[in-house]
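A.B. asks: Take a look at this one; I'll ask things after.
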Amino acid sequence: MKFNWGTGIVIGMLCFMIFILQYVIRVQTDSKFDNELVTEQYYEKEIEVDDNYQKEKNLNELGDKFNVFAASEGIFIQFPEDFDYHNIQGNISLYRPSDQKMDTNISIELSSSAMLIPKNALADGRWDIIIDWQYKGNQYYTKQSLTF
C-alpha cells in the first residue's frame, strides 16, 4: 500500500475523532466530572422572573434600610429597623456554585431587625445568596454574590 497525502489526512482525522470521542465518553461516565444543573426546576424558576422583578423594585424603594454584607462573623442581613421584625417572613437560599451539596435554605426567624448566618456554617469561597421575604403583604427579593 502506498502512503500519500490523502491517506495521511484520513488517518489524522480518524485519530482526532477517536481522541474526541474517548474524551466525551470519559467526561460523561467519570464521577470526577460532575455535570450538575444549577437547579433541577429551571423551567419553573424561569416563570418566576417577572414576579422577582417586581419584588426587586419593592426592595429598591426601601433604599439603604435593607443591607446584606459579609462580616468577619459571617453573612450579616440588616432588615429595616422601622419594620416590626415579628412580621418579617421569608426564606434565604445559599447557593454554592462550585458544589451543589453545600446549598442550603434557611427560614427567616428574627429576634431583632438583623440576622447573622455564622461563618462556621459556610465554607470559604463564593456564595450566591437569594433572600425572598415579605412584610405585611409587600414582597421583597434580592440576589447577591459574596466571597469569604
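Residue numbers start at 1 in each chain; chains themselves are named A, B, ... in the order of the C-alpha cells; ligands are numbered from 1 in the order shown.
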Could you pull the residues within 6 Å of Tyr140 in chain A, counting only C-alpha atoms, minus those fewer than 5 positions along the same chain, as an MDAnalysis selection string?

C.D. replies: chainID A and resid 55:56 58:59 132:134

A.B. asks: Let's have the selection written as a PDB file, in the first residue's frame, with all heavy atoms.

C.D. replies:
ATOM      1  N   LYS A  55     -40.628  42.313  42.924  1.00  0.00           N
ATOM      2  CA  LYS A  55     -40.129  42.254  44.305  1.00  0.00           C
ATOM      3  C   LYS A  55     -38.835  43.054  44.455  1.00  0.00           C
ATOM      4  O   LYS A  55     -38.617  43.713  45.474  1.00  0.00           O
ATOM      5  CB  LYS A  55     -39.884  40.797  44.721  1.00  0.00           C
ATOM      6  CG  LYS A  55     -41.142  39.969  44.845  1.00  0.00           C
ATOM      7  CD  LYS A  55     -40.762  38.530  45.189  1.00  0.00           C
ATOM      8  CE  LYS A  55     -41.916  37.585  45.146  1.00  0.00           C
ATOM      9  NZ  LYS A  55     -41.505  36.198  45.447  1.00  0.00           N
ATOM     10  N   GLU A  56     -37.968  43.005  43.438  1.00  0.00           N
ATOM     11  CA  GLU A  56     -36.727  43.781  43.472  1.00  0.00           C
ATOM     12  C   GLU A  56     -37.015  45.281  43.434  1.00  0.00           C
ATOM     13  O   GLU A  56     -36.328  46.066  44.088  1.00  0.00           O
ATOM     14  CB  GLU A  56     -35.816  43.386  42.316  1.00  0.00           C
ATOM     15  CG  GLU A  56     -35.147  42.048  42.493  1.00  0.00           C
ATOM     16  CD  GLU A  56     -34.299  41.639  41.297  1.00  0.00           C
ATOM     17  OE1 GLU A  56     -34.303  42.355  40.267  1.00  0.00           O
ATOM     18  OE2 GLU A  56     -33.641  40.599  41.399  1.00  0.00           O
ATOM     19  N   ASN A  58     -39.661  46.676  44.711  1.00  0.00           N
ATOM     20  CA  ASN A  58     -40.110  46.994  46.063  1.00  0.00           C
ATOM     21  C   ASN A  58     -38.913  47.169  46.999  1.00  0.00           C
ATOM     22  O   ASN A  58     -38.897  48.067  47.843  1.00  0.00           O
ATOM     23  CB  ASN A  58     -41.027  45.898  46.613  1.00  0.00           C
ATOM     24  CG  ASN A  58     -42.352  45.828  45.895  1.00  0.00           C
ATOM     25  OD1 ASN A  58     -42.751  46.751  45.204  1.00  0.00           O
ATOM     26  ND2 ASN A  58     -43.037  44.711  46.046  1.00  0.00           N
ATOM     27  N   LEU A  59     -37.917  46.305  46.852  1.00  0.00           N
ATOM     28  CA  LEU A  59     -36.725  46.389  47.702  1.00  0.00           C
ATOM     29  C   LEU A  59     -35.935  47.658  47.413  1.00  0.00           C
ATOM     30  O   LEU A  59     -35.425  48.295  48.339  1.00  0.00           O
ATOM     31  CB  LEU A  59     -35.843  45.156  47.492  1.00  0.00           C
ATOM     32  CG  LEU A  59     -34.653  45.060  48.425  1.00  0.00           C
ATOM     33  CD1 LEU A  59     -35.119  44.735  49.835  1.00  0.00           C
ATOM     34  CD2 LEU A  59     -33.691  43.999  47.946  1.00  0.00           C
ATOM     35  N   ASP A 132     -35.689  36.051  49.771  1.00  0.00           N
ATOM     36  CA  ASP A 132     -37.067  36.281  49.327  1.00  0.00           C
ATOM     37  C   ASP A 132     -37.898  36.421  50.588  1.00  0.00           C
ATOM     38  O   ASP A 132     -38.094  35.453  51.325  1.00  0.00           O
ATOM     39  CB  ASP A 132     -37.533  35.102  48.468  1.00  0.00           C
ATOM     40  CG  ASP A 132     -38.829  35.382  47.738  1.00  0.00           C
ATOM     41  OD1 ASP A 132     -39.406  36.479  47.922  1.00  0.00           O
ATOM     42  OD2 ASP A 132     -39.270  34.501  46.989  1.00  0.00           O
ATOM     43  N   TRP A 133     -38.390  37.633  50.869  1.00  0.00           N
ATOM     44  CA  TRP A 133     -39.096  37.866  52.116  1.00  0.00           C
ATOM     45  C   TRP A 133     -40.290  38.782  51.911  1.00  0.00           C
ATOM     46  O   TRP A 133     -40.445  39.398  50.862  1.00  0.00           O
ATOM     47  CB  TRP A 133     -38.141  38.426  53.178  1.00  0.00           C
ATOM     48  CG  TRP A 133     -37.455  39.717  52.833  1.00  0.00           C
ATOM     49  CD1 TRP A 133     -36.436  39.891  51.955  1.00  0.00           C
ATOM     50  CD2 TRP A 133     -37.748  41.005  53.359  1.00  0.00           C
ATOM     51  NE1 TRP A 133     -36.067  41.202  51.911  1.00  0.00           N
ATOM     52  CE2 TRP A 133     -36.846  41.913  52.772  1.00  0.00           C
ATOM     53  CE3 TRP A 133     -38.662  41.480  54.281  1.00  0.00           C
ATOM     54  CZ2 TRP A 133     -36.848  43.274  53.074  1.00  0.00           C
ATOM     55  CZ3 TRP A 133     -38.659  42.837  54.594  1.00  0.00           C
ATOM     56  CH2 TRP A 133     -37.759  43.709  53.995  1.00  0.00           C
ATOM     57  N   GLN A 134     -41.140  38.819  52.929  1.00  0.00           N
ATOM     58  CA  GLN A 134     -42.323  39.657  52.860  1.00  0.00           C
ATOM     59  C   GLN A 134     -42.593  40.306  54.211  1.00  0.00           C
ATOM     60  O   GLN A 134     -42.220  39.772  55.257  1.00  0.00           O
ATOM     61  CB  GLN A 134     -43.534  38.861  52.405  1.00  0.00           C
ATOM     62  CG  GLN A 134     -43.927  37.724  53.310  1.00  0.00           C
ATOM     63  CD  GLN A 134     -45.088  36.946  52.731  1.00  0.00           C
ATOM     64  OE1 GLN A 134     -45.706  37.373  51.769  1.00  0.00           O
ATOM     65  NE2 GLN A 134     -45.388  35.813  53.327  1.00  0.00           N
TER      66      GLN A 134
END

A.B. asks: Which of range 24-126 of chain A counts as strand (DSSP E or B) under DSSP, as a list in words please?

C.D. replies: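 Here are the strand (DSSP E or B) residues of range 24-126 of chain A: Asn67, Val68, Phe69, Ala70, Ala71, Gly74, Ile75, Phe76, Ile77, Gln78, Ile88, Gln89, Gly90, Asn91, Ile92, Ser93, Leu94, Tyr95, Thr104, Asn105, Ile106, Ser107, Ala114, Met115, Leu116, Ile117, Pro118 and Arg126 of chain A.
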
A.B. asks: Got a sec: who's within 8 Å of range 66-76 of chain A, counting only C-alpha atoms, leaving out chain neighbours fewer than 4 positions off, as number ranges by chain?

C.D. replies: A: 59, 62, 80, 114-120, 122, 146-148

A.B. asks: Only C-alpha atoms, please: the residues just picked out, written as an mmCIF file, in the first residue's frame.

C.D. replies:
data_model
loop_
_atom_site.group_PDB
_atom_site.id
_atom_site.type_symbol
_atom_site.label_atom_id
_atom_site.label_comp_id
_atom_site.auth_asym_id
_atom_site.auth_seq_id
_atom_site.Cartn_x
_atom_site.Cartn_y
_atom_site.Cartn_z
ATOM 1 C CA LEU A 59 -36.725 46.389 47.702
ATOM 2 C CA LEU A 62 -36.512 50.773 50.703
ATOM 3 C CA PRO A 80 -35.365 47.865 58.026
ATOM 4 C CA ALA A 114 -30.768 41.885 61.982
ATOM 5 C CA MET A 115 -29.824 38.302 61.180
ATOM 6 C CA LEU A 116 -26.417 36.647 61.160
ATOM 7 C CA ILE A 117 -25.532 33.448 59.315
ATOM 8 C CA PRO A 118 -22.388 32.242 61.115
ATOM 9 C CA LYS A 119 -19.206 31.849 59.100
ATOM 10 C CA ASN A 120 -18.502 28.428 60.624
ATOM 11 C CA LEU A 122 -20.152 28.306 55.451
ATOM 12 C CA LEU A 146 -20.458 37.237 48.462
ATOM 13 C CA THR A 147 -16.975 35.804 48.844
ATOM 14 C CA PHE A 148 -15.278 34.751 52.089
#

A.B. asks: Output as number ranges by chain all residues of range 16-95 of chain A that backbone DSSP marks as helix (DSSP H, G or I).

C.D. replies: A: 16-29, 42-47, 49-65, 85-87

A.B. asks: Save out the residues we just selected, N, CA, C and O atoms, as a compact mmCIF listing (two decimals), in the first residue's frame.

C.D. replies:
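Ended up saving to result-v8.txt:
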# COMPACT_ATOMS: atom_id res chain seq x y z
N PHE A 16 -7.95 12.01 15.40
CA PHE A 16 -8.57 13.13 16.09
C PHE A 16 -9.98 12.78 16.54
O PHE A 16 -10.37 13.09 17.67
N MET A 17 -10.77 12.13 15.71
CA MET A 17 -12.14 11.73 16.09
C MET A 17 -12.12 10.74 17.24
O MET A 17 -12.94 10.83 18.15
N ILE A 18 -11.19 9.80 17.24
CA ILE A 18 -11.08 8.84 18.33
C ILE A 18 -10.72 9.55 19.62
O ILE A 18 -11.28 9.27 20.69
N PHE A 19 -9.81 10.52 19.54
CA PHE A 19 -9.43 11.29 20.73
C PHE A 19 -10.63 12.04 21.30
O PHE A 19 -10.89 12.00 22.50
N ILE A 20 -11.38 12.73 20.46
CA ILE A 20 -12.53 13.49 20.92
C ILE A 20 -13.59 12.56 21.51
O ILE A 20 -14.17 12.83 22.57
N LEU A 21 -13.87 11.45 20.84
CA LEU A 21 -14.87 10.50 21.34
C LEU A 21 -14.48 9.91 22.69
O LEU A 21 -15.32 9.80 23.59
N GLN A 22 -13.22 9.54 22.87
CA GLN A 22 -12.82 8.98 24.16
C GLN A 22 -12.91 10.04 25.25
O GLN A 22 -13.25 9.75 26.37
N TYR A 23 -12.62 11.30 24.90
CA TYR A 23 -12.75 12.38 25.88
C TYR A 23 -14.20 12.58 26.29
O TYR A 23 -14.51 12.70 27.47
N VAL A 24 -15.12 12.62 25.32
CA VAL A 24 -16.54 12.78 25.61
C VAL A 24 -17.06 11.64 26.46
O VAL A 24 -17.77 11.84 27.45
N ILE A 25 -16.70 10.43 26.12
CA ILE A 25 -17.15 9.26 26.89
C ILE A 25 -16.59 9.31 28.31
O ILE A 25 -17.31 9.06 29.28
N ARG A 26 -15.34 9.69 28.47
CA ARG A 26 -14.73 9.75 29.81
C ARG A 26 -15.40 10.82 30.67
O ARG A 26 -15.68 10.61 31.84
N VAL A 27 -15.68 11.98 30.09
CA VAL A 27 -16.32 13.06 30.85
C VAL A 27 -17.74 12.67 31.26
O VAL A 27 -18.19 13.00 32.36
N GLN A 28 -18.46 11.95 30.42
CA GLN A 28 -19.83 11.58 30.74
C GLN A 28 -19.92 10.46 31.76
O GLN A 28 -20.89 10.36 32.50
N THR A 29 -18.93 9.58 31.82
CA THR A 29 -19.02 8.42 32.71
C THR A 29 -18.24 8.59 34.00
O THR A 29 -18.55 7.93 34.99
N TYR A 42 -35.50 24.31 36.45
CA TYR A 42 -35.15 25.56 35.80
C TYR A 42 -36.30 26.16 35.00
O TYR A 42 -36.36 27.36 34.83
N TYR A 43 -37.23 25.36 34.50
CA TYR A 43 -38.39 25.93 33.80
C TYR A 43 -39.29 26.69 34.76
O TYR A 43 -39.76 27.79 34.47
N GLU A 44 -39.52 26.11 35.94
CA GLU A 44 -40.35 26.77 36.94
C GLU A 44 -39.69 28.05 37.43
O GLU A 44 -40.36 29.06 37.67
N LYS A 45 -38.37 28.02 37.59
CA LYS A 45 -37.64 29.21 38.04
C LYS A 45 -37.72 30.32 37.01
O LYS A 45 -37.76 31.50 37.36
N GLU A 46 -37.73 29.98 35.73
CA GLU A 46 -37.81 30.98 34.68
C GLU A 46 -39.14 31.72 34.72
O GLU A 46 -39.20 32.92 34.44
N ILE A 47 -40.21 31.04 35.09
CA ILE A 47 -41.53 31.67 35.17
C ILE A 47 -41.56 32.71 36.29
O ILE A 47 -42.26 33.71 36.19
N VAL A 49 -39.37 34.88 37.08
CA VAL A 49 -38.53 36.05 36.81
C VAL A 49 -39.33 37.34 36.89
O VAL A 49 -38.89 38.32 37.51
N ASP A 50 -40.52 37.41 36.29
CA ASP A 50 -41.32 38.63 36.33
C ASP A 50 -41.74 38.99 37.75
O ASP A 50 -41.72 40.16 38.14
N ASP A 51 -42.14 37.99 38.53
CA ASP A 51 -42.51 38.25 39.92
C ASP A 51 -41.32 38.78 40.71
O ASP A 51 -41.46 39.70 41.52
N ASN A 52 -40.15 38.19 40.48
CA ASN A 52 -38.95 38.64 41.19
C ASN A 52 -38.56 40.06 40.81
O ASN A 52 -38.05 40.81 41.63
N TYR A 53 -38.84 40.45 39.57
CA TYR A 53 -38.54 41.82 39.15
C TYR A 53 -39.35 42.82 39.96
O TYR A 53 -38.83 43.83 40.41
N GLN A 54 -40.63 42.54 40.15
CA GLN A 54 -41.48 43.44 40.95
C GLN A 54 -41.02 43.46 42.41
O GLN A 54 -41.01 44.51 43.04
N LYS A 55 -40.63 42.31 42.92
CA LYS A 55 -40.13 42.25 44.31
C LYS A 55 -38.83 43.05 44.46
O LYS A 55 -38.62 43.71 45.47
N GLU A 56 -37.97 43.01 43.44
CA GLU A 56 -36.73 43.78 43.47
C GLU A 56 -37.02 45.28 43.43
O GLU A 56 -36.33 46.07 44.09
N LYS A 57 -38.03 45.68 42.66
CA LYS A 57 -38.43 47.09 42.64
C LYS A 57 -38.89 47.53 44.02
O LYS A 57 -38.56 48.62 44.48
N ASN A 58 -39.66 46.68 44.71
CA ASN A 58 -40.11 46.99 46.06
C ASN A 58 -38.91 47.17 47.00
O ASN A 58 -38.90 48.07 47.84
N LEU A 59 -37.92 46.30 46.85
CA LEU A 59 -36.73 46.39 47.70
C LEU A 59 -35.93 47.66 47.41
O LEU A 59 -35.42 48.29 48.34
N ASN A 60 -35.83 48.04 46.15
CA ASN A 60 -35.11 49.27 45.80
C ASN A 60 -35.76 50.50 46.40
O ASN A 60 -35.08 51.49 46.69
N GLU A 61 -37.08 50.46 46.58
CA GLU A 61 -37.79 51.59 47.19
C GLU A 61 -37.42 51.75 48.66
O GLU A 61 -37.55 52.84 49.22
N LEU A 62 -36.94 50.68 49.30
CA LEU A 62 -36.51 50.77 50.70
C LEU A 62 -35.20 51.53 50.84
O LEU A 62 -34.89 52.06 51.91
N GLY A 63 -34.40 51.55 49.78
CA GLY A 63 -33.12 52.25 49.82
C GLY A 63 -32.11 51.53 50.70
O GLY A 63 -31.93 50.32 50.61
N ASP A 64 -31.46 52.29 51.58
CA ASP A 64 -30.40 51.75 52.44
C ASP A 64 -30.93 51.08 53.70
O ASP A 64 -30.15 50.68 54.55
N LYS A 65 -32.23 50.96 53.84
CA LYS A 65 -32.79 50.34 55.04
C LYS A 65 -32.51 48.84 55.10
O LYS A 65 -32.47 48.26 56.17
N TYR A 85 -40.01 43.34 63.30
CA TYR A 85 -39.32 42.13 62.86
C TYR A 85 -40.14 40.86 63.08
O TYR A 85 -39.89 39.84 62.47
N HIS A 86 -41.16 40.91 63.94
CA HIS A 86 -42.01 39.74 64.15
C HIS A 86 -42.86 39.43 62.91
O HIS A 86 -43.28 38.29 62.71
N ASN A 87 -43.10 40.44 62.09
CA ASN A 87 -43.95 40.27 60.90
C ASN A 87 -43.15 39.98 59.63
O ASN A 87 -43.73 39.89 58.56

A.B. asks: One number please: CA of Ile88 in chain A to CA of Leu110 in chain A, in Å, one decimal.

C.D. replies: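 Rounded to one decimal, the two atoms are 7.8 Å apart.
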